[in-house]
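Student: Below you will find the structure I want to go over with you.
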Amino acid sequence: MTTVVAPSKLIAARHQSLSTQADEWAEWLSDRVAPDWRPGEWQHTHMLFRGDPGNPLTKVRKCTVTACPAMTIGRTFCSECSRDYDRLGRPDLAEFQTTHEPKRNRIYGRAMRCWAAAGTCGRDSSTQGLCAAHYATWRNHSGRDSALEISSWAEAAKPFDALPMCEVGGCPYQRTVSHKICPDHRRQWRVHLEATGAADVEIAMTAWAKVTPPYLAVMDFSLAPLTKLAQLEMLYVLQKAGLRGKKIEPSPIRFAVRHLTGLPSLALAGESFRMPKAGENDFRGNRGALLRDIQNQLRFALEEFQGIKPTDHLVWDLTAVGVVRRDTDRKKSRRNPGTMDFGKIEVLWLRDLLMQWATDTHPVSREMWFYYRVCLIASQTLALRPGEGSDPAKLKFTDMAAVIKAIEALTKADGKPMKAKSKAIYATKFFDFLEWGRNHDLLDDLSLKFGRHRDHNISYREEENEEQIGKNIPESVIRQLDGYVSMLGEGLSYGHLALDDVKAMARTIYYLLRDTGRRPSEISSLFLDCLEHDDGDWQLIWDNHKAGRYRRRLPITQSTVDIIQEWKKHRLALEVPDDSREYLFPPRSADSVYDHPASQDIWIFIRTWADAVPVLHSEIPSPDGSPEPFDHRRVVPYAFRHSYCQRHADADIPQDVLQSLMDHVSPTTTSGYYKVSLKRKREAIKAVRVHVTDRLGNPAPMASNLAYEQRSVTVPWGNCIEPNNVKAGGAACPIRHQCAGCPSYRPDPSYLPAIEDHVRALKADREAALDAGVAQFVINNFDDQIEAYQGVRENQKRRLAAMTPEERQQVEEAAAVLRKVRAGSATRTVTLGLPTLGPPKETVE
């Protein structure tokens, strides 16, 4: 299996020959350009686009002032209403939008008729609402200084017939009496005539009118100034962009037309097609992006015209080959996934396989880069092995082991260690990639030794510091942050929203992160109807995107409800894109990837705010007794989820309830979100260690906290002090954890719930054994264990009953703390030495 790569010299030669193929190139473009593109907006005869604010694919909208007919892009008001708003001292926004009446004598792009002769005059208005002929007549009238006289005079004036339209294509105004063009274009013509000095004015004017655009409002653009071939090329690019979901934004297109006017062909211009240089303000933002897109799309089209496929290159432009950057829950996609250099993969069979896989499977950008990176790692590793990995038939088990070792050494882009789970996914992707090649008969000669093996596993287990309190923000720090909420959103821009709107939105997002413990993506995607009232209780309706569980319900307090409802009133007064009306928070712009804020937007809100907070005090004292400063870098959106879990754990919320609040499948995942502090742990052990007994209920207290922790090992229903079992971490029990019959067994009151659960489990197993018709000695063993554990349980209950109420409460609180410690320590789990049937279950959290 090989991939044909066109040599760069051949491609260059083909491009050079295009200068003699302009006619064929124009014909090729014509076959791919639709004249009826964007009906109602595109006027193909005049090469004129007049944007419709009602079209969601056009980036234009009406000014929000009710009485104003003007259009705007990305702003609340048009330029004139914006000036009026500032001149009036920025009054109440809603009142200004509904009551303001802009004063205009003329609206560019729309012809207004003369009002003389009771509005029956057919000519365009010019001055004071009158046409040029009526106004000139009025100037000669003796009573022209009186407003009453002009009204009476104009009412009695005779109407004039309409004049022909301006010769400039698409111009909505009438020509003057003595010229073929309107007054506005006549002024432009004079400037042009002075610069060129044409001999035959009439012929020159006709030619000039053909390449001159009409007046272009904010929602318009014209391709008339371009050559016929350049018009086809520009239309091709714009229509291709529309197929990729890109909206039409007239302003950068108008700039591109001015910049490219004079080029016979945009595709064949070579160095004449000047691209922006770094730091050139005229090319900033969407202007430079559009020019780059024009150049790239025409380059792809030229190669297609010459029979060169985008996949014939070693360096792929992912846009050209149809790779988009899209997730399953996104309605839109990014348009610039970048380029990918397959030449860096030096092992040829691996490179060819990857290019074939990408061609056949049409992956999205994220998946494409994932497979590219793991193949690059494998190539770099095999290149250092004997034979340099060039012959797939000679690869061995040790070659695959070297690749897995290289994956285990992966780091993040910032050099920090990569999580073991991510490394394991890379390894799995590589195995799946090779399997795809074998299944499609592309790797018939690949050695079977170079494949998946049970020894090629990357452990998911991460090293943890059990003394670390966790990733949460302490409650004392959150209280300090609450004092600075007025600074949230300060100095930040967010689309067209005013600063007060941005600050209100940022405050609401912070409160929801703090009070609900939801992930940033779950906060940003809340719907307007995210509240539900049931029997006096409020619940938040949210979507767990990470695990694919939707319409989840979380109990929330009245204060959180008030925060949401206050923002909803604010939000309903905002202008948002039509696709975003159902969401609680608007996106940054109408063409954002999401219809709501991205997680990155929330990160910017919180991190910018945290950096601006002057000082935060931690709970750790310094040598002089004052609190140590709290690291501002720990204030990130996701940390509030850990704080939420820690807050509820400190309130002794039961483990199963806490797991439900966090919406986790596994209790082990929940336990990783909180830590029991060392102080609480020491106090709990101190309260419980004096109540340790042996299996018969005789007192066997531990002399110290150290003895409780170091001289015993946690087994499912108590502690064990058998030396070999302690040394093996609970995995070397000689009697298979039948603890109630062992002299080394040391239960205490903190294990009562586990003992009771075990008694119930033994009884259920006994019934199952009876149904299976097992031998009597098995039943006797169950009976003896049940009786022994029931004895342990009753002994612990008697000891608790004999305590004073104060002592009993102290022991029960300490027992709850120790149970949380054990639930949060996955490393202390012991197996019973029994076989496990079936593969391990995988859960998504």
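Residues in the structure tokens are named by chain (A, B, ... in the order shown) and by number from 1 within that chain; ligands are numbered from 1 in the order shown.
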Near stretch 529-535 of chain A, counting only C-alpha atoms, which residues have an atom at most 12 Å away, once you skip same-chain residues fewer than 5 positions from it, shown as number ranges by chain?

Tutor: A: 522-524, 540-543, 551-558, 560-565, 568, 581-585

Student: Find the residues around A:Leu193 up to 12 Å (only C-alpha atoms counted), leave out those fewer than 6 positions away in its own chain, and share them as a list in words.

Tutor: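 Using only C-alpha atoms, the neighbours found are His185, Arg186, Arg187, Ala199, Asp200, Val201, Glu202, Ile203, Ala204, Met205 and Trp208 of chain A.
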
Student: Considering only C-alpha atoms, state which residue in the set A:Val690, A:Cys171, A:Ala26, A:Ala198 is at the smallest distance from A:Phe305.

Tutor: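 Using only C-alpha atoms, A:Phe305 sits closest to A:Ala26.
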
Student: Name the residues of stretch 609-813 of chain A that fall into strand (DSSP E or B) according to DSSP on the backbone, using the chain letters and numbers of this document, as a list in words.

Tutor: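 Answer for stretch 609-813 of chain A, restricted to strand (DSSP E or B): His617, Ser618, Glu619, Ile620, Pro621, Pro627, Glu628, Pro629, Thr693, Pro699, Val713, Thr714, Val715, Gly718, Asn719, Cys720, Tyr745 and Arg746 of chain A.
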
Student: If you measure from atom CA of A:Ala402 to atom CA of A:Leu384, what distance in Å do you get, rounded to one decimal?

Tutor: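 Atom CA of A:Ala402 sits 9.8 Å away from atom CA of A:Leu384.
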
Student: At a cut-off of 9 Å, using only C-alpha atoms, what residues contact A:Gln790? Leave out same-chain residues fewer than 6 positions from it and give the result as a count of residues only.

Tutor: 3

Student: Can you tell me which residues surround A:Gln43 at a distance of at most 12 Å, considering only C-alpha atoms, apart from same-chain residues fewer than 2 positions away, and format the answer as number ranges by chain?

Tutor: A: 34-41, 45-51, 169-171, 220-224

Student: Enumerate the residues of stretch 106-137 of chain A with a DSSP assignment of alpha helix (DSSP H), computed from the backbone, and present them as a list in words.

Tutor: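 Alpha helix (DSSP H) assignments inside stretch 106-137 of chain A correspond to Ala116, Ala117, Ala118, Gly119, Ala132, Ala133, His134, Tyr135, Ala136 and Thr137 of chain A.
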
Student: Go ahead and write the residues just picked, C-alpha atoms, as a short mmCIF file (atom, residue, chain, number, x, y, z; two decimals), in the first residue's frame.

Tutor:
```cif
data_model
loop_
_atom_site.label_atom_id
_atom_site.label_comp_id
_atom_site.auth_asym_id
_atom_site.auth_seq_id
_atom_site.Cartn_x
_atom_site.Cartn_y
_atom_site.Cartn_z
CA ALA A 116 -43.63 68.69 -3.16
CA ALA A 117 -47.01 68.59 -4.90
CA ALA A 118 -48.46 66.56 -2.06
CA GLY A 119 -45.83 63.87 -2.62
CA ALA A 132 -33.07 69.67 -6.85
CA ALA A 133 -35.50 71.29 -9.32
CA HIS A 134 -38.13 72.20 -6.70
CA TYR A 135 -35.50 73.48 -4.27
CA ALA A 136 -33.88 75.68 -6.97
CA THR A 137 -37.30 77.12 -7.80
#
```

Student: What's around A:Met234 at 9 Å? Count only C-alpha atoms, leave out sequence neighbours fewer than 6 positions away in its own chain, and write the answer as a list in words.

Tutor: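 The contact residues come out as Leu223, Val257, Leu266, Ile294 and Leu298 of chain A.
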
Student: Save out the residues we just selected, C-alpha atoms, as a compact mmCIF listing (two decimals), in the first residue's frame.

Tutor:
```txt
# COMPACT_ATOMS: atom_id res chain seq x y z
CA LEU A 223 -17.64 43.01 -6.89
CA VAL A 257 -12.30 44.24 -3.11
CA LEU A 266 -6.59 36.64 -8.01
CA ILE A 294 -9.15 33.81 -0.56
CA LEU A 298 -8.04 29.61 -4.85
```

Student: What lies within 12 Å of stretch 91-93 of chain A using only C-alpha atoms, ignoring chain neighbours under 4 positions off, as a ChimeraX atom specification?

Tutor: /A:64-65,76-77,81-82,84-87,97-100,498,500-501,570,573-575
